[in-house]
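Undergrad: Pasting in a structure now, in structure tokens, and then I'll have a few things to ask.
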Amino acid sequence: MLIILIRSLIVYALVICAVRLMGKRQLGELQPAELVVTILISNIATLSLEDTDTPLLRGILPILAMVCFEVIVSWGSLHSVRLRRLISGSPKIIIRNGEIDQEMLHALRFSVDDLMTALRGNNVFSVEEVQFAIVETNGNVSVCQKSDVQPASKKDVHVSAPALDPPQVIIADGKLREKALSAVGQDEKWVNAILRARGITLDEVFLFTADTACDYYLVPKQNTERGHAA
């Protein structure tokens, strides 16, 4: 039993490292080659766990070989458009100038229901609103709406606003994140001053976010507070 536990921990750590080396894509964003390697790695990993008589090295070497192969292919795809298209394919346009390309839908084996599902995933519920749509190499559908149905931006209504990075999580469940604090240009004294003004301690904070404009959002363990600190 102990041997199985040790082998499981080793294989688990190896697979985690392998996935990290392959990149940070989500499962639904994997390219075909990456998906194949992921499936093969999962199958190979189970072999050394199911049969304890099989040397662990015999299960580790194929996984390392797959990862090395994937890294080499990824590097080649990065530097060769032809190889990238050969392995991952190319995006396919399914709606152009507001008109559905039915032949391309048939070639991709996209049904009408698949098309409508993809549009709804982009918050579009009417095909009439679509100017352009393209199926990416990972299977996702990118949609560009017609100009008359696109939401107005601040530029359209002539409203100026400073360009700010999104807020950083400064405190999460009572734990201070110093890197995030540095990213917004503040220090621990700034945080402590806000907490003292609210009469709470660091351990009593569930969530604290802030941006470079010093606007913060503070959630204690019991209630919620908003504010601005210079």
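Chain identifiers are assigned as A, B, and so on, following the order in which chains appear in the structure tokens; residues are numbered from 1 within each chain, and ligands are numbered from 1 in order of appearance.
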What's around Ile3 of chain A at 9 Å? Count only C-alpha atoms, leave out sequence neighbours fewer than 4 positions away in its own chain, and write the answer as a ChimeraX atom specification.

TA: /A:7-8,52

Undergrad: Next, dump the selected residues to file, keeping only N, CA, C and O atoms, as a short mmCIF file (atom, residue, chain, number, x, y, z; two decimals), in the first residue's frame.

TA:
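Saved file out.cif follows:
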data_model
loop_
_atom_site.label_atom_id
_atom_site.label_comp_id
_atom_site.auth_asym_id
_atom_site.auth_seq_id
_atom_site.Cartn_x
_atom_site.Cartn_y
_atom_site.Cartn_z
N ARG A 7 4.32 5.86 -5.36
CA ARG A 7 4.28 5.93 -6.83
C ARG A 7 3.25 6.96 -7.30
O ARG A 7 3.48 7.70 -8.27
N SER A 8 2.12 7.01 -6.61
CA SER A 8 1.08 7.97 -7.00
C SER A 8 1.56 9.40 -6.82
O SER A 8 1.31 10.26 -7.68
N THR A 52 1.82 -2.47 -10.28
CA THR A 52 2.97 -2.15 -9.44
C THR A 52 4.21 -2.97 -9.80
O THR A 52 5.31 -2.64 -9.35
#

Undergrad: Which parts of segment 46-221 of chain A does DSSP call alpha helix (DSSP H) when run on the backbone here, written out as a ChimeraX atom specification?

TA: /A:46-50,56-79,81-88,102-107,112-121,178-183,188-198

Undergrad: Which neighbours of Ile95 of chain A fall inside 9 Å, counting only C-alpha atoms, when residues of the same chain fewer than 2 positions from it are skipped, and could you give them as a list of chain:residue names?

TA: A:Ile93, A:Asn97, A:Gly98, A:Glu99, A:Ile100, A:Asp101, A:Gln102, A:Val130, A:Gln131, A:Phe132, A:Ala133, A:Ile134, A:Val143

Undergrad: Mind pulling up the distance from atom CA of Ile39 of chain A to atom CA of Ile94 of chain A?

TA: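 Atom-to-atom, atom CA of Ile94 of chain A to atom CA of Ile39 of chain A, that is 29.1 Å.
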
Undergrad: Could you list, as a PyMOL selection string, every residue within 7 Å of Glu129 of chain A, counting only C-alpha atoms and ignoring same-chain residues fewer than 3 positions away?

TA: chain A and resi 126+145-146+149

Undergrad: List the neighbours of Ala65 of chain A out to 12 Å using only C-alpha atoms; skip same-chain residues closer than 4 positions along the sequence, and give me the result as a tab-separated table (two decimals) with N, CA and C atoms, in the first residue's frame.

TA:
chain	number	residue	atom	x	y	z
A	18	ALA	N	4.75	18.37	-16.01
A	18	ALA	CA	4.60	18.23	-17.45
A	18	ALA	C	3.58	19.22	-18.00
A	37	VAL	N	-1.39	15.08	-26.73
A	37	VAL	CA	-0.32	14.82	-25.77
A	37	VAL	C	-0.88	14.72	-24.36
A	40	LEU	N	-2.52	11.32	-23.97
A	40	LEU	CA	-1.51	10.26	-23.91
A	40	LEU	C	-0.81	10.25	-22.55
A	41	ILE	N	-0.49	11.43	-22.04
A	41	ILE	CA	0.18	11.51	-20.74
A	41	ILE	C	-0.71	10.93	-19.64
A	44	ILE	N	-0.69	7.12	-20.02
A	44	ILE	CA	0.60	6.53	-19.64
A	44	ILE	C	0.77	6.57	-18.13
A	58	ARG	N	9.68	3.05	-16.32
A	58	ARG	CA	9.06	2.74	-17.61
A	58	ARG	C	7.83	3.61	-17.86
A	59	GLY	N	7.22	4.12	-16.82
A	59	GLY	CA	6.10	5.03	-16.99
A	59	GLY	C	6.53	6.48	-17.04
A	60	ILE	N	7.68	6.79	-16.42
A	60	ILE	CA	8.15	8.18	-16.39
A	60	ILE	C	8.78	8.58	-17.72
A	61	LEU	N	9.58	7.69	-18.29
A	61	LEU	CA	10.30	8.03	-19.53
A	61	LEU	C	9.36	8.41	-20.68
A	69	PHE	N	8.83	16.26	-26.74
A	69	PHE	CA	8.35	16.33	-28.11
A	69	PHE	C	7.40	17.50	-28.30
A	70	GLU	N	6.50	17.70	-27.33
A	70	GLU	CA	5.54	18.81	-27.42
A	70	GLU	C	6.26	20.16	-27.37
A	71	VAL	N	7.28	20.28	-26.51
A	71	VAL	CA	8.03	21.53	-26.43
A	71	VAL	C	8.75	21.81	-27.75
A	72	ILE	N	9.32	20.78	-28.35
A	72	ILE	CA	10.02	20.95	-29.62
A	72	ILE	C	9.04	21.36	-30.72

Undergrad: Name all residues at most 12 Å from Leu56 of chain A (count only C-alpha atoms; drop same-chain ones fewer than 5 positions away) and give them as a list in words.

TA: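 Using only C-alpha atoms, the neighbours found are Ile3, Ile4, Ile6, Arg7, Ser8, Leu9, Ile10, Val11, Leu14, Ile44, Ala45, Thr46, Leu47, Ser48, Leu49, Glu50, Asp51, Leu61, Pro62 and Ile63 of chain A.
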
Undergrad: Could you save those same residues with C-alpha atoms as an mmCIF file, in the first residue's frame?

TA:
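Writing done, so here's result_32.cif:
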data_model
loop_
_atom_site.group_PDB
_atom_site.id
_atom_site.type_symbol
_atom_site.label_atom_id
_atom_site.label_comp_id
_atom_site.auth_asym_id
_atom_site.auth_seq_id
_atom_site.Cartn_x
_atom_site.Cartn_y
_atom_site.Cartn_z
ATOM 1 C CA ILE A 3 4.478 1.650 -2.498
ATOM 2 C CA ILE A 4 1.284 2.577 -4.366
ATOM 3 C CA ILE A 6 4.641 6.787 -3.142
ATOM 4 C CA ARG A 7 4.278 5.931 -6.835
ATOM 5 C CA SER A 8 1.080 7.967 -6.995
ATOM 6 C CA LEU A 9 2.744 11.020 -5.468
ATOM 7 C CA ILE A 10 5.702 10.762 -7.851
ATOM 8 C CA VAL A 11 3.474 10.404 -10.920
ATOM 9 C CA LEU A 14 5.551 14.549 -12.687
ATOM 10 C CA ILE A 44 0.597 6.525 -19.641
ATOM 11 C CA ALA A 45 0.480 7.802 -16.062
ATOM 12 C CA THR A 46 -2.222 5.297 -15.136
ATOM 13 C CA LEU A 47 -0.216 2.323 -16.399
ATOM 14 C CA SER A 48 2.488 2.612 -13.752
ATOM 15 C CA LEU A 49 -0.188 2.996 -11.048
ATOM 16 C CA GLU A 50 -2.334 0.036 -12.082
ATOM 17 C CA ASP A 51 0.533 -2.440 -12.332
ATOM 18 C CA LEU A 61 10.297 8.033 -19.529
ATOM 19 C CA PRO A 62 7.360 8.081 -22.006
ATOM 20 C CA ILE A 63 5.854 11.079 -20.196
#

Undergrad: DSSP on the backbone: which residues in chain A end up as strand (DSSP E or B)? Give the answer as a VMD selection string.

TA: chain A and resid 92 to 96 99 to 100 130 to 135 141 to 145 168 to 172 175 to 176 205 to 210 215 to 220 225 to 228

Undergrad: Hey, what's within 9 Å of Pro166 of chain A if we count only C-alpha atoms and toss same-chain stuff fewer than 4 positions away? As a VMD selection string, please?

TA: chain A and resid 210 to 212

Undergrad: Work out how far apart atom CA of Glu178 of chain A and atom CA of Lys221 of chain A are and give it in Å to one decimal.

TA: 20.9 Å

Undergrad: Rounded to one decimal, what separation in Å do you get between atom CA of Ala161 of chain A and atom CA of Tyr217 of chain A?

TA: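 About the pair atom CA of Ala161 of chain A and atom CA of Tyr217 of chain A: they are 19.6 Å apart.
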